[in-house]
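Chemist: The structure under discussion is supplied below as structure tokens; questions concerning it will follow.
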Amino acid sequence: MADDSRFRDSDVFGSYAAIGDSFTEGVGDPGPDGTFVGWADRLAVLLADRLPDPDEFRYANLAVRGRLLDQIVEEQVPRAKELAPDLVTFCAGGNDIIRPGSDPDDVAERFERAVADLTSAVGKVVVTTGFDTRTVPVLRRLRGKIATYNGHVRAIADRYGCPVLDLWSLKTVQDRRAWDDDRLHLSPEGHTRVALRAGQVLGVEVPADPDQPWPPLPPRGTLEVRRDDINWAREYLVPWIGRRLRGESSGDHVTAKRPDLLPL
């Protein structure tokens with residue numbers, strides 16, 4: 001079985017390429033220069049620190065926000081194969097699953113073909129499950145589809161010997177402080193916790209526990225919660241629906257932030 005908590009291999013990775021959508025690009029975790037940081041960038045730092053000379057580590061982030069699975073397979077998988085890094089993290093399918101009428105079984109079949117392609121050409125491939133959305137307005141209705149897709153991802157990981165970054169079981173990211181104001185992307189602390197869990201999956205000694213409980217929050221009244229939900233719907237949900245209806249994507253005219261394997 002693919003190990004979703006610890007990867008007990010002694011590999012030290014000298015190069016890493018991340019492929020995916022906004023989650024892997026790092027949306028919600030802005031850096032000082034205006035570009036996004038995100039969990040994959042943070043994981044790259046953890047991996048580089050394992051080397052005798054961290055400056056020798058090479059990292060590429062090919063992820064672009066809004067990308068669907070087929071776009072990731074067409075645009076990013078060939079580039080990852082060309083770079084041939086020691087490690088690839090592959091998170092895709094989430095944007096497909098949340099679209100009305102999507103079939104998680106069909107998405108999983110296409111995901112498996114990409115995993116088979118990647119594992120034949122690069123070093124180790126880590127696959128990622130979706131989050132548990134039971135506490136997220138609107139997306140909680142898709143929880144069954146996400147769970148079905150996650151089951152497929154786990155089975156695919158078993159067949160191809162891929163470690164699993166299991167986000168469904170990372171309970172600390174179900175806290176609202178782990179999410180950006182748009183409730184679709186992680187906050188900086190949320191990205192940090194995912195990076196720590198990814199490091200654990202790869203057998204890396206991490207500086208903090210991603211499962212560490214959050215400090216308690218003061219109770220919120222029903223009216224406060226409802227007001228926040230209304231503001232969120234107006235500022236984020238309605239524009240998101242509008243883009244879907246117009247066939248637009250947040251990733252239109254956006255390119256990968258690190259298309260080459262470069263030092264950190």
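Ligands are numbered from 1 in the order shown, residues from 1 within each chain, and chains are lettered A, B, ... in the order they appear in the structure tokens.
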When DSSP works through the backbone of this structure, what residues of range 17-226 of chain A end up as alpha helix (DSSP H), shown as a count of residues only?
Modeler: 86
Chemist: Give me, as a PyMOL selection string, all polymer residues having an atom no more than 8 Å from Trp232 in chain A, counting only C-alpha atoms and skipping those fewer than 5 positions away in the same chain.
Modeler: chain A and resi 181-182+237
Chemist: Write out as number ranges by chain the residues lying within 9 Å of range 37-39 of chain A, counting only C-alpha atoms and excluding same-chain residues fewer than 2 positions away.
Modeler: A: 23-31, 35, 41-44, 186-188, 190-196, 198
Chemist: Using 7 Å as the limit and counting only C-alpha atoms, can you tabulate each residue of range 75-108 of chain A that touches range 128-150 of chain A, with its shortest atom-to-atom distance in Å and the two atoms involved, as CSV?
Modeler:
residue,atom,partner,partner_atom,distance
A:Phe90,CA,A:Thr128,CA,6.6
A:Cys91,CA,A:Thr128,CA,5.2
A:Gly94,CA,A:Gly130,CA,6.8
A:Ile97,CA,A:Ile146,CA,6.8
A:Ile98,CA,A:Leu142,CA,6.9
A:Pro104,CA,A:Tyr149,CA,5.2
A:Asp105,CA,A:Tyr149,CA,6.9
A:Ala108,CA,A:Tyr149,CA,6.5
